[in-house]
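For reference, start_29.pdb (PDB, C-alpha atoms and all ligand atoms):
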MODEL        1
ATOM      1  CA  MET A   7     -23.005   1.581   4.260  1.00  0.00           C
ATOM      2  CA  ALA A   8     -19.270   1.506   4.800  1.00  0.00           C
ATOM      3  CA  PHE A   9     -16.676  -0.200   6.939  1.00  0.00           C
ATOM      4  CA  ARG A  10     -14.130   1.128   9.363  1.00  0.00           C
ATOM      5  CA  VAL A  11     -10.768  -0.619   9.221  1.00  0.00           C
ATOM      6  CA  HIS A  12      -8.103  -0.297  11.880  1.00  0.00           C
ATOM      7  CA  ILE A  13      -4.605  -1.773  11.805  1.00  0.00           C
ATOM      8  CA  GLU A  14      -2.668  -2.173  15.045  1.00  0.00           C
ATOM      9  CA  ARG A  15       0.454  -1.240  13.103  1.00  0.00           C
ATOM     10  CA  GLU A  16       2.905  -1.640  15.966  1.00  0.00           C
ATOM     11  CA  GLU A  17       1.910  -5.326  16.147  1.00  0.00           C
ATOM     12  CA  CYS A  18       2.214  -5.957  12.388  1.00  0.00           C
ATOM     13  CA  ILE A  19       4.920  -8.463  11.468  1.00  0.00           C
ATOM     14  CA  SER A  20       5.126  -7.379   7.795  1.00  0.00           C
ATOM     15  CA  CYS A  21       4.097 -10.785   6.467  1.00  0.00           C
ATOM     16  CA  ALA A  22       2.575  -9.164   3.344  1.00  0.00           C
ATOM     17  CA  ALA A  23      -0.616 -11.242   3.464  1.00  0.00           C
ATOM     18  CA  CYS A  24      -3.053  -8.332   3.680  1.00  0.00           C
ATOM     19  CA  TRP A  25      -1.645  -6.231   0.863  1.00  0.00           C
ATOM     20  CA  SER A  26      -1.311  -9.343  -1.298  1.00  0.00           C
ATOM     21  CA  ASP A  27      -4.873 -10.404  -0.548  1.00  0.00           C
ATOM     22  CA  CYS A  28      -6.520  -6.979  -0.664  1.00  0.00           C
ATOM     23  CA  PRO A  29      -4.302  -4.412  -2.394  1.00  0.00           C
ATOM     24  CA  GLU A  30      -7.353  -2.208  -2.958  1.00  0.00           C
ATOM     25  CA  VAL A  31      -7.210  -1.293   0.750  1.00  0.00           C
ATOM     26  CA  PHE A  32      -3.788  -2.261   2.159  1.00  0.00           C
ATOM     27  CA  GLU A  33      -0.247  -1.432   1.143  1.00  0.00           C
ATOM     28  CA  GLU A  34       3.238  -1.720   2.569  1.00  0.00           C
ATOM     29  CA  GLY A  35       4.145   1.541   4.277  1.00  0.00           C
ATOM     30  CA  ASP A  36       7.552   3.176   4.036  1.00  0.00           C
ATOM     31  CA  ASP A  37       8.312   1.656   7.437  1.00  0.00           C
ATOM     32  CA  GLY A  38       7.504  -1.837   6.129  1.00  0.00           C
ATOM     33  CA  LEU A  39       4.275  -2.111   8.103  1.00  0.00           C
ATOM     34  CA  SER A  40       0.782  -2.519   6.731  1.00  0.00           C
ATOM     35  CA  SER A  41      -0.994   0.741   5.937  1.00  0.00           C
ATOM     36  CA  ILE A  42      -4.319   1.854   4.543  1.00  0.00           C
ATOM     37  CA  VAL A  43      -3.988   3.094   0.958  1.00  0.00           C
ATOM     38  CA  GLU A  44      -4.279   6.849   0.634  1.00  0.00           C
ATOM     39  CA  GLN A  45      -7.651   6.700  -1.102  1.00  0.00           C
ATOM     40  CA  TYR A  46      -9.387   5.197   1.939  1.00  0.00           C
ATOM     41  CA  ARG A  47      -7.286   6.664   4.727  1.00  0.00           C
ATOM     42  CA  VAL A  48      -9.048   8.661   7.424  1.00  0.00           C
ATOM     43  CA  GLY A  49      -7.105  11.880   7.812  1.00  0.00           C
ATOM     44  CA  ASP A  50      -3.392  11.195   7.584  1.00  0.00           C
ATOM     45  CA  ASP A  51      -3.550   8.151   9.819  1.00  0.00           C
ATOM     46  CA  LEU A  52      -1.953   5.120   8.150  1.00  0.00           C
ATOM     47  CA  ALA A  53      -3.796   2.884  10.600  1.00  0.00           C
ATOM     48  CA  GLU A  54      -7.354   4.114  10.029  1.00  0.00           C
ATOM     49  CA  GLY A  55      -9.507   3.546   6.999  1.00  0.00           C
ATOM     50  CA  ARG A  56     -13.068   3.912   5.813  1.00  0.00           C
ATOM     51  CA  VAL A  57     -13.937   1.701   2.871  1.00  0.00           C
ATOM     52  CA  PRO A  58     -17.126   1.306   0.824  1.00  0.00           C
ATOM     53  CA  ASP A  59     -19.471  -1.620   1.047  1.00  0.00           C
ATOM     54  CA  ASP A  60     -18.254  -3.351  -2.082  1.00  0.00           C
ATOM     55  CA  LEU A  61     -14.847  -3.951  -0.467  1.00  0.00           C
ATOM     56  CA  GLU A  62     -16.318  -5.894   2.454  1.00  0.00           C
ATOM     57  CA  ASP A  63     -15.100  -9.284   1.199  1.00  0.00           C
ATOM     58  CA  CYS A  64     -11.682  -7.825   0.526  1.00  0.00           C
ATOM     59  CA  VAL A  65     -11.173  -6.329   4.002  1.00  0.00           C
ATOM     60  CA  THR A  66     -12.740  -9.203   5.923  1.00  0.00           C
ATOM     61  CA  SER A  67     -10.630 -11.718   4.014  1.00  0.00           C
ATOM     62  CA  ALA A  68      -7.499  -9.724   4.825  1.00  0.00           C
ATOM     63  CA  ALA A  69      -8.497  -9.453   8.484  1.00  0.00           C
ATOM     64  CA  ASP A  70      -9.183 -13.196   8.702  1.00  0.00           C
ATOM     65  CA  GLY A  71      -5.874 -13.934   7.010  1.00  0.00           C
ATOM     66  CA  CYS A  72      -3.702 -11.805   9.276  1.00  0.00           C
ATOM     67  CA  PRO A  73      -1.595 -14.266  11.298  1.00  0.00           C
ATOM     68  CA  VAL A  74      -1.341 -11.930  14.284  1.00  0.00           C
ATOM     69  CA  GLU A  75      -4.950 -10.676  14.070  1.00  0.00           C
ATOM     70  CA  VAL A  76      -4.169  -6.977  14.085  1.00  0.00           C
ATOM     71  CA  ILE A  77      -6.725  -5.890  11.474  1.00  0.00           C
ATOM     72  CA  GLU A  78     -10.097  -4.881  12.857  1.00  0.00           C
ATOM     73  CA  VAL A  79     -13.119  -4.367  10.624  1.00  0.00           C
ATOM     74  CA  GLU A  80     -16.297  -2.774  11.886  1.00  0.00           C
ATOM     75  CA  GLU A  81     -19.516  -2.066  10.050  1.00  0.00           C
ATOM     76  CA  GLU A  82     -20.688   1.532  10.330  1.00  0.00           C
TER      77      GLU A  82
HETATM   78  S1  LIG B   1      -1.510  -9.565   7.377  1.00  0.00           S
HETATM   79 FE1  LIG B   1      -1.248  -8.668   9.427  1.00  0.00          FE
HETATM   80  S2  LIG B   1       0.878  -9.057   9.986  1.00  0.00           S
HETATM   81 FE2  LIG B   1       0.692  -9.412   7.780  1.00  0.00          FE
HETATM   82  S3  LIG B   1       1.310  -7.448   6.856  1.00  0.00           S
HETATM   83 FE3  LIG B   1      -0.939  -7.404   7.107  1.00  0.00          FE
HETATM   84  S4  LIG B   1      -1.333  -6.441   9.118  1.00  0.00           S
HETATM   85 FE4  LIG B   1       0.830  -7.047   9.033  1.00  0.00          FE
ENDMDL
END
As C-alpha cells, what does this structure read like?
Amino acid sequence: MAFRVHIEREECISCAACWSDCPEVFEEGDDGLSSIVEQYRVGDDLAEGRVPDDLEDCVTSAADGCPVEVIEVEEE
C-alpha cells in the first residue's frame, strides 16, 4: 500500500510547517514553495508524490498542519 500526495503549490504560503514536520517527504523548492522530495516525486512534478505506507503518519500530520489546507493525501 502507498499514498498519493498532492500539493496545490500555487496556494502555498511558504510557512515551512510541512517540511519542518515531515522532511522525509516535503522540502522547500527553489521558488520557496513546498515540494515533494526527489525520492518520492512522481515524474518531474514537484507537486505530485507517491510515498510508502510507513510515512502515512508523516504525510497526514503535515496535511493536517497546513494552515491553508493545500496538501491532499489519498490512499492508493
Ligand atoms: S504547510 Fe502548507 S502553506 Fe506551509 S509550506 Fe507546507 S504546503 Fe505551504
Within 6 Å of ligand LIG 1 (chain B), counting all atoms listed in the file, residues as a PyMOL selection string: chain A and resi 18-24+40+72-74+76-77
Step by step, gather every atom of region 49-64 of chain A that the file lists, find the box along x, y and z that holds them, add 3 Å on each side, and finally give centre and edge lengths in Å to one decimal, as JSON.
{"center_x": -10.7, "center_y": 1.3, "center_z": 4.3, "size_x": 23.5, "size_y": 27.2, "size_z": 18.7}
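Atom pair CA of Cys64 (chain A) / CA of Ser41 (chain A) has a distance of 14.7 Å (rounded to one decimal).
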Resolved residues for the PyMOL selection byres (((chain A and resi 45) around 9) and not hetatm) as a list in words: Val31, Ile42, Val43, Glu44, Tyr46, Arg47, Val48, Gly55 and Val57 of chain A
Residues returned when the PyMOL selection byres (((chain A and resi 60) around 12) and not hetatm) runs on this file, as a list in words: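 On the file shown, the PyMOL selection byres (((chain A and resi 60) around 12) and not hetatm) covers Met7, Ala8, Phe9, Glu30, Val31, Arg56, Val57, Pro58, Asp59, Leu61, Glu62, Asp63, Cys64, Val65 and Thr66 of chain A.
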Using all atoms listed in the file: which of A:Val11, A:Glu17, A:Asp36, A:Cys28 has the shortest distance to Gly71 (chain A): A:Cys28
Restore N, CA and C atoms in region 12-41 of chain A and list the result as a PDB file, in the frame of the given file.
ATOM      1  N   HIS A  12      -9.190  -0.766  11.022  1.00  0.00           N
ATOM      2  CA  HIS A  12      -8.103  -0.297  11.880  1.00  0.00           C
ATOM      3  C   HIS A  12      -6.989  -1.343  11.888  1.00  0.00           C
ATOM      4  N   ILE A  13      -5.774  -0.880  11.732  1.00  0.00           N
ATOM      5  CA  ILE A  13      -4.605  -1.773  11.805  1.00  0.00           C
ATOM      6  C   ILE A  13      -3.803  -1.411  13.057  1.00  0.00           C
ATOM      7  N   GLU A  14      -3.584  -2.394  13.908  1.00  0.00           N
ATOM      8  CA  GLU A  14      -2.668  -2.173  15.045  1.00  0.00           C
ATOM      9  C   GLU A  14      -1.256  -2.278  14.468  1.00  0.00           C
ATOM     10  N   ARG A  15      -0.784  -1.190  13.895  1.00  0.00           N
ATOM     11  CA  ARG A  15       0.454  -1.240  13.103  1.00  0.00           C
ATOM     12  C   ARG A  15       1.677  -1.684  13.898  1.00  0.00           C
ATOM     13  N   GLU A  16       1.723  -1.291  15.160  1.00  0.00           N
ATOM     14  CA  GLU A  16       2.905  -1.640  15.966  1.00  0.00           C
ATOM     15  C   GLU A  16       3.019  -3.150  16.200  1.00  0.00           C
ATOM     16  N   GLU A  17       1.902  -3.865  15.981  1.00  0.00           N
ATOM     17  CA  GLU A  17       1.910  -5.326  16.147  1.00  0.00           C
ATOM     18  C   GLU A  17       2.087  -6.067  14.825  1.00  0.00           C
ATOM     19  N   CYS A  18       2.093  -5.344  13.720  1.00  0.00           N
ATOM     20  CA  CYS A  18       2.214  -5.957  12.388  1.00  0.00           C
ATOM     21  C   CYS A  18       3.606  -6.582  12.236  1.00  0.00           C
ATOM     22  N   ILE A  19       3.633  -7.774  11.654  1.00  0.00           N
ATOM     23  CA  ILE A  19       4.920  -8.463  11.468  1.00  0.00           C
ATOM     24  C   ILE A  19       5.360  -8.438   9.997  1.00  0.00           C
ATOM     25  N   SER A  20       4.732  -7.588   9.198  1.00  0.00           N
ATOM     26  CA  SER A  20       5.126  -7.379   7.795  1.00  0.00           C
ATOM     27  C   SER A  20       5.148  -8.677   6.986  1.00  0.00           C
ATOM     28  N   CYS A  21       4.121  -9.500   7.178  1.00  0.00           N
ATOM     29  CA  CYS A  21       4.097 -10.785   6.467  1.00  0.00           C
ATOM     30  C   CYS A  21       3.630 -10.639   5.021  1.00  0.00           C
ATOM     31  N   ALA A  22       3.030  -9.493   4.699  1.00  0.00           N
ATOM     32  CA  ALA A  22       2.575  -9.164   3.344  1.00  0.00           C
ATOM     33  C   ALA A  22       1.238  -9.795   2.948  1.00  0.00           C
ATOM     34  N   ALA A  23       0.636 -10.563   3.825  1.00  0.00           N
ATOM     35  CA  ALA A  23      -0.616 -11.242   3.464  1.00  0.00           C
ATOM     36  C   ALA A  23      -1.728 -10.256   3.107  1.00  0.00           C
ATOM     37  N   CYS A  24      -1.905  -9.223   3.908  1.00  0.00           N
ATOM     38  CA  CYS A  24      -3.053  -8.332   3.680  1.00  0.00           C
ATOM     39  C   CYS A  24      -2.932  -7.550   2.387  1.00  0.00           C
ATOM     40  N   TRP A  25      -1.735  -7.022   2.100  1.00  0.00           N
ATOM     41  CA  TRP A  25      -1.645  -6.231   0.863  1.00  0.00           C
ATOM     42  C   TRP A  25      -1.542  -7.127  -0.367  1.00  0.00           C
ATOM     43  N   SER A  26      -1.230  -8.398  -0.182  1.00  0.00           N
ATOM     44  CA  SER A  26      -1.311  -9.343  -1.298  1.00  0.00           C
ATOM     45  C   SER A  26      -2.765  -9.731  -1.558  1.00  0.00           C
ATOM     46  N   ASP A  27      -3.498  -9.930  -0.474  1.00  0.00           N
ATOM     47  CA  ASP A  27      -4.873 -10.404  -0.548  1.00  0.00           C
ATOM     48  C   ASP A  27      -5.844  -9.283  -0.935  1.00  0.00           C
ATOM     49  N   CYS A  28      -5.589  -8.095  -0.455  1.00  0.00           N
ATOM     50  CA  CYS A  28      -6.520  -6.979  -0.664  1.00  0.00           C
ATOM     51  C   CYS A  28      -5.752  -5.678  -0.930  1.00  0.00           C
ATOM     52  N   PRO A  29      -5.099  -5.607  -2.082  1.00  0.00           N
ATOM     53  CA  PRO A  29      -4.302  -4.412  -2.394  1.00  0.00           C
ATOM     54  C   PRO A  29      -5.155  -3.165  -2.638  1.00  0.00           C
ATOM     55  N   GLU A  30      -6.470  -3.360  -2.802  1.00  0.00           N
ATOM     56  CA  GLU A  30      -7.353  -2.208  -2.958  1.00  0.00           C
ATOM     57  C   GLU A  30      -7.361  -1.344  -1.689  1.00  0.00           C
ATOM     58  N   VAL A  31      -7.092  -1.986  -0.540  1.00  0.00           N
ATOM     59  CA  VAL A  31      -7.210  -1.293   0.750  1.00  0.00           C
ATOM     60  C   VAL A  31      -5.874  -1.194   1.506  1.00  0.00           C
ATOM     61  N   PHE A  32      -5.022  -2.216   1.363  1.00  0.00           N
ATOM     62  CA  PHE A  32      -3.788  -2.261   2.159  1.00  0.00           C
ATOM     63  C   PHE A  32      -2.554  -2.123   1.262  1.00  0.00           C
ATOM     64  N   GLU A  33      -1.526  -1.526   1.841  1.00  0.00           N
ATOM     65  CA  GLU A  33      -0.247  -1.432   1.143  1.00  0.00           C
ATOM     66  C   GLU A  33       0.876  -1.482   2.182  1.00  0.00           C
ATOM     67  N   GLU A  34       2.085  -1.734   1.679  1.00  0.00           N
ATOM     68  CA  GLU A  34       3.238  -1.720   2.569  1.00  0.00           C
ATOM     69  C   GLU A  34       3.672  -0.272   2.762  1.00  0.00           C
ATOM     70  N   GLY A  35       3.712   0.179   3.998  1.00  0.00           N
ATOM     71  CA  GLY A  35       4.145   1.541   4.277  1.00  0.00           C
ATOM     72  C   GLY A  35       5.651   1.688   4.130  1.00  0.00           C
ATOM     73  N   ASP A  36       6.117   2.918   4.152  1.00  0.00           N
ATOM     74  CA  ASP A  36       7.552   3.176   4.036  1.00  0.00           C
ATOM     75  C   ASP A  36       8.325   2.522   5.175  1.00  0.00           C
ATOM     76  N   ASP A  37       7.663   2.303   6.293  1.00  0.00           N
ATOM     77  CA  ASP A  37       8.312   1.656   7.437  1.00  0.00           C
ATOM     78  C   ASP A  37       8.184   0.134   7.389  1.00  0.00           C
ATOM     79  N   GLY A  38       7.613  -0.389   6.286  1.00  0.00           N
ATOM     80  CA  GLY A  38       7.504  -1.837   6.129  1.00  0.00           C
ATOM     81  C   GLY A  38       6.257  -2.440   6.755  1.00  0.00           C
ATOM     82  N   LEU A  39       5.473  -1.607   7.431  1.00  0.00           N
ATOM     83  CA  LEU A  39       4.275  -2.111   8.103  1.00  0.00           C
ATOM     84  C   LEU A  39       3.033  -1.857   7.251  1.00  0.00           C
ATOM     85  N   SER A  40       2.017  -2.663   7.487  1.00  0.00           N
ATOM     86  CA  SER A  40       0.782  -2.519   6.731  1.00  0.00           C
ATOM     87  C   SER A  40       0.157  -1.147   6.959  1.00  0.00           C
ATOM     88  N   SER A  41      -0.368  -0.581   5.872  1.00  0.00           N
ATOM     89  CA  SER A  41      -0.994   0.741   5.937  1.00  0.00           C
ATOM     90  C   SER A  41      -2.240   0.747   5.062  1.00  0.00           C
TER      91      SER A  41
END
